[in-house]
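Here is the structure we will look at.
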Amino acid sequence: MPADGWQCDMPIIKEWKIKEGAPNNFLEQFPEFSRLVMQILWGRGARDQKSIDEFFNPDWEADVHDPFLLKDMDKAVERILRALDKKEKIAVWGDYDADGVCGAAVLFSFFRDIGVNVDVYIPDRFAEGYGISARGVDELAKNGINLVITVDCGITDNEGVDRINGHKMEVVITDHHEPSENLPAAYAVVDHKRKDDTYPFKGFCGTGTAFKLVQALMKSRDFGLSVGWEKWILDLVAIATVFDRVPLLGENRTLVHYGLLVLAQTKRLGIQAMFKEARFLPEFDKEKMITNINSETIGFLIAPRLNAMGRLKHATNSFQLLVTQDEKEAIDLADDMEKTNKKRQELTKDILKEAMDVATSQNDDPIIFLGSPKWHAGLIGIVAGHLVEKYHKPAFIFFQGEEKCQGSARSIEGFNLVEALEESRDLLTSGGGHKMSAGFSMYPKNIENLHQSLLNYARKHLTAESASWRIKIETYADAELLGQEINWELMDDIEKLEPTGENNPKPLFLIKDLEVIEARKVGNGGGHLKFKFRKFCESGVKYFSGIGFKMGNGHVPPGENELQSGDKIDVLCNLQVNDFNGMRSIELGVKDIRPA
């Protein structure tokens with residue numbers, strides 16, 4: 001069905017469902033775990049002993065695969081070892097987001113600790129954009145570089161690789177993005193998403209791929225590093241893996257599991273200083289091998305700060321914070337990062353408000369396509385994500401410069417950004433990424449043509465199901481909870497599911513018939529709702545507190561302007577621990593509400 005005639009002001013119908021129940025024979029196989037936990041895993045695709053073991057007991061030897069199973073890894077290692085033997089000059093080419101910066105720091109840390117000086121080049125987001133730029137290649141050639149190793153980029157940079165080759169340099173690509181039909185003419189191309197790659201796991205981020213390269217190098221030669229040295233760089237792998245929203249299952253789960261333990265005792269002075277600035281105290285229990293650092297610590301505390309530098313200044317600052325061995329420099333960089341992140345939050349809020357006002361003019365379109373010369377190019381990706389969340393359709397947001405436009409896109413199921421941009425390739429100066437998240441650039445003269453091309457793609461590829469998805473949102477809870485089931489034993493079970501993230505989200509529960517005692521707006525501008533609830537249970541009356549982030553501005557049940565004391569509602573929520581002034585309590589992380 002064509003997408004023509006969609007109306008953004010049509011009512012959004014919310015339908016809550018409980019995920020399919022696990023069969024009894026599955027539940028009975030694992031009596032050591034609660035039925036609720038096994039029900040959650042069944043809903044996420046776990047079906048056998050192997051997948052359950054890998055999930056609950058990440059094992060380094062069993063779950064981290066041989067890096068040489070990656071296509072071209074042998075060629076990459078051979079070329080790097082030859083460069084080391086001949087004392088050739090090596091450069092690491094990173095990217096300006098947290099994944100690219102962490103990956104560059106992984107390789108830099110390895111080379112530094114084996115006594116080899118390497119150049120690190122991270123392009124300027126605004127002057128060069130994503131990928132291998134002509135300016136950067138020419139600069140590396142001027143500095144006498146012989147070998148370039150990319151991190152988190154390069155798989156679609158055919159022209160950039162040709163330029164490197166033209167300067168008589170060679171390039172080893174490590175990437176995790178989708179390749180185009182023709183691979184670049186690099187010496188080696190390491191990317192598990194190559195069609196001819198048979199690696200048993202397909203979910204790495206860019207830093208994860210760089211880590212596999214380090215593993216392969218260490219497996220090939222004794223560099224004099226301590227046994228298990230590579231595990232000390234897993235703090236960076238964990239940050240990037242959570243940030244880049246790749247699946248937190250399989251090998252990634254193992255890498256992040258160990259990476260969080262490393263992060264809690266990190267030797268990196270910059271991360272230590274960042275924790276102090278954020279007033280976060282890492283905890284690590286060596287006996288139990290547990291930490292208070294989880295995926296949310298990365299997603300809300302670490303990654304946004306690292307990303308802020310690349311968005312408003314230059315990502316080299318974030319890279320330097322991750323690798324510095326000077327305590328004063330670490331403190332100064334962390335302080336600057338904290339201030340930059342606060343500025344990023346303020347600017348994003350202003351741009352989003354303006355973009356939402358303009359978006360109403362595109363009510364009838366299946367996509368959002370907006371640009372302005374006033375919008376900061378480093379923040380448009382965040383804005384695009386918020387617009388998708390609000391309007392439930394793909395968003396293409398760009399900074400409109402005089403000479404070039406720089407954009408970011410976010411999508412919904414049914415609309416593949418990589419394919420959409422590929423169909424408009426002749427209108428772009430660059431473009432690529434993932435099916436749900438991508439970047440692009442173009443000349444201002446092509447704005448209208450690109451808009452029309454993307455509209456045409458949407459009308460061809462967004463099906464009737466996709467269209468209905470915009471106005472009928474189905475949310476699947478992992479389970480329905482009764483009030484008496486919410487206790488510390490349940491919280492211990494939920495803790496076993498960490499680290500949570502992509503493909504393994506925090507468990508979502510349905511709780512019915514909560515009575516509102518209080519619902520008040522809190523936070524900057526009253527953007528959040530703080531709740532107090534009462535629940536009548538078989539065991540008596542139970543009281544709960546709750547917090548609904550971004551629910552302070554109109555996110556209330558249909559037909560209600562304000563929640564009143566005594567209202568009865570159903571709630572979709574996560575369960576979390578509120579540790580305030582040493583008093584621990586179970587809190588509902590409210591995601592959605594409706595009249596009971």
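Starting from 1 in every chain, residues are counted up; chains themselves are A, B, ... following the order of the structure tokens, and ligands are numbered from 1 as listed.
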
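Listed by chain and then by rising number, the residues of stretch 486-549 of chain A that DSSP assigns to alpha helix (DSSP H) from the backbone are Trp488, Glu489, Leu490, Met491, Asp492, Asp493, Ile494 and Glu495 of chain A.
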
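The coordinates place atom CA of A:Leu387 at 16.9 Å from atom CA of A:Gly414.
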
Which stretch 189-273 of chain A residues have any atom within 7 Å of an atom of stretch 142-154 of chain A, and for each, what is the nearest pair of atoms with distance in Å to one decimal, counting only C-alpha atoms, rows sorted by chain and number, as CSV?
residue,atom,partner,partner_atom,distance
A:Gly206,CA,A:Asp152,CA,4.1
A:Thr207,CA,A:Asp152,CA,6.9
A:Ala210,CA,A:Val151,CA,6.5

Could you please take those selected residues and save N, CA and C atoms as a short mmCIF file (atom, residue, chain, number, x, y, z; two decimals), in the first residue's frame?
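Wrote it out as part.cif, contents follow:
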data_model
loop_
_atom_site.label_atom_id
_atom_site.label_comp_id
_atom_site.auth_asym_id
_atom_site.auth_seq_id
_atom_site.Cartn_x
_atom_site.Cartn_y
_atom_site.Cartn_z
N GLY A 206 32.78 -1.47 15.87
CA GLY A 206 34.10 -1.20 15.30
C GLY A 206 35.22 -1.51 16.26
N THR A 207 35.04 -1.17 17.53
CA THR A 207 36.06 -1.44 18.54
C THR A 207 36.22 -2.94 18.76
N ALA A 210 38.44 -4.17 16.08
CA ALA A 210 39.82 -3.77 16.37
C ALA A 210 40.42 -4.66 17.45
#

Can you pull out every residue from stretch 160-340 of chain A that DSSP, working from the backbone, puts in strand (DSSP E), and format the result as a tab-separated table (two decimals) with N, CA, C and O atoms, in the first residue's frame?
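Full text of out_10.tsv as output:
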chain	number	residue	atom	x	y	z
A	170	GLU	N	49.60	1.75	1.91
A	170	GLU	CA	48.69	0.61	1.89
A	170	GLU	C	47.74	0.72	3.08
A	170	GLU	O	48.03	1.42	4.06
A	171	VAL	N	46.61	0.03	2.99
A	171	VAL	CA	45.59	0.18	4.02
A	171	VAL	C	45.03	-1.19	4.42
A	171	VAL	O	44.77	-2.04	3.57
A	172	VAL	N	44.88	-1.35	5.72
A	172	VAL	CA	44.16	-2.49	6.30
A	172	VAL	C	42.87	-1.94	6.89
A	172	VAL	O	42.90	-1.06	7.76
A	173	ILE	N	41.75	-2.43	6.42
A	173	ILE	CA	40.45	-1.95	6.90
A	173	ILE	C	39.94	-2.88	8.00
A	173	ILE	O	39.92	-4.10	7.84
A	174	THR	N	39.54	-2.30	9.13
A	174	THR	CA	38.76	-3.03	10.14
A	174	THR	C	37.48	-2.24	10.33
A	174	THR	O	37.50	-1.05	10.63
A	188	ALA	N	43.93	-5.57	3.01
A	188	ALA	CA	43.10	-6.53	3.75
A	188	ALA	C	41.83	-5.82	4.19
A	188	ALA	O	41.87	-4.64	4.56
A	189	VAL	N	40.71	-6.53	4.17
A	189	VAL	CA	39.43	-5.98	4.59
A	189	VAL	C	38.83	-6.92	5.64
A	189	VAL	O	38.36	-8.01	5.32
A	190	VAL	N	38.89	-6.51	6.89
A	190	VAL	CA	38.37	-7.32	8.00
A	190	VAL	C	37.04	-6.74	8.44
A	190	VAL	O	36.99	-5.67	9.04
A	284	PHE	N	33.89	-2.63	43.03
A	284	PHE	CA	34.26	-3.94	42.50
A	284	PHE	C	34.48	-4.90	43.64
A	284	PHE	O	35.30	-4.66	44.53
A	285	ASP	N	33.70	-5.98	43.66
A	285	ASP	CA	33.84	-7.03	44.67
A	285	ASP	C	34.65	-8.15	44.04
A	285	ASP	O	34.13	-8.92	43.23
A	290	ILE	N	31.75	-8.98	40.99
A	290	ILE	CA	30.62	-8.16	40.57
A	290	ILE	C	31.00	-6.69	40.71
A	290	ILE	O	31.91	-6.33	41.45
A	291	THR	N	30.26	-5.83	40.00
A	291	THR	CA	30.52	-4.39	40.04
A	291	THR	C	29.20	-3.64	39.95
A	291	THR	O	28.18	-4.19	39.51
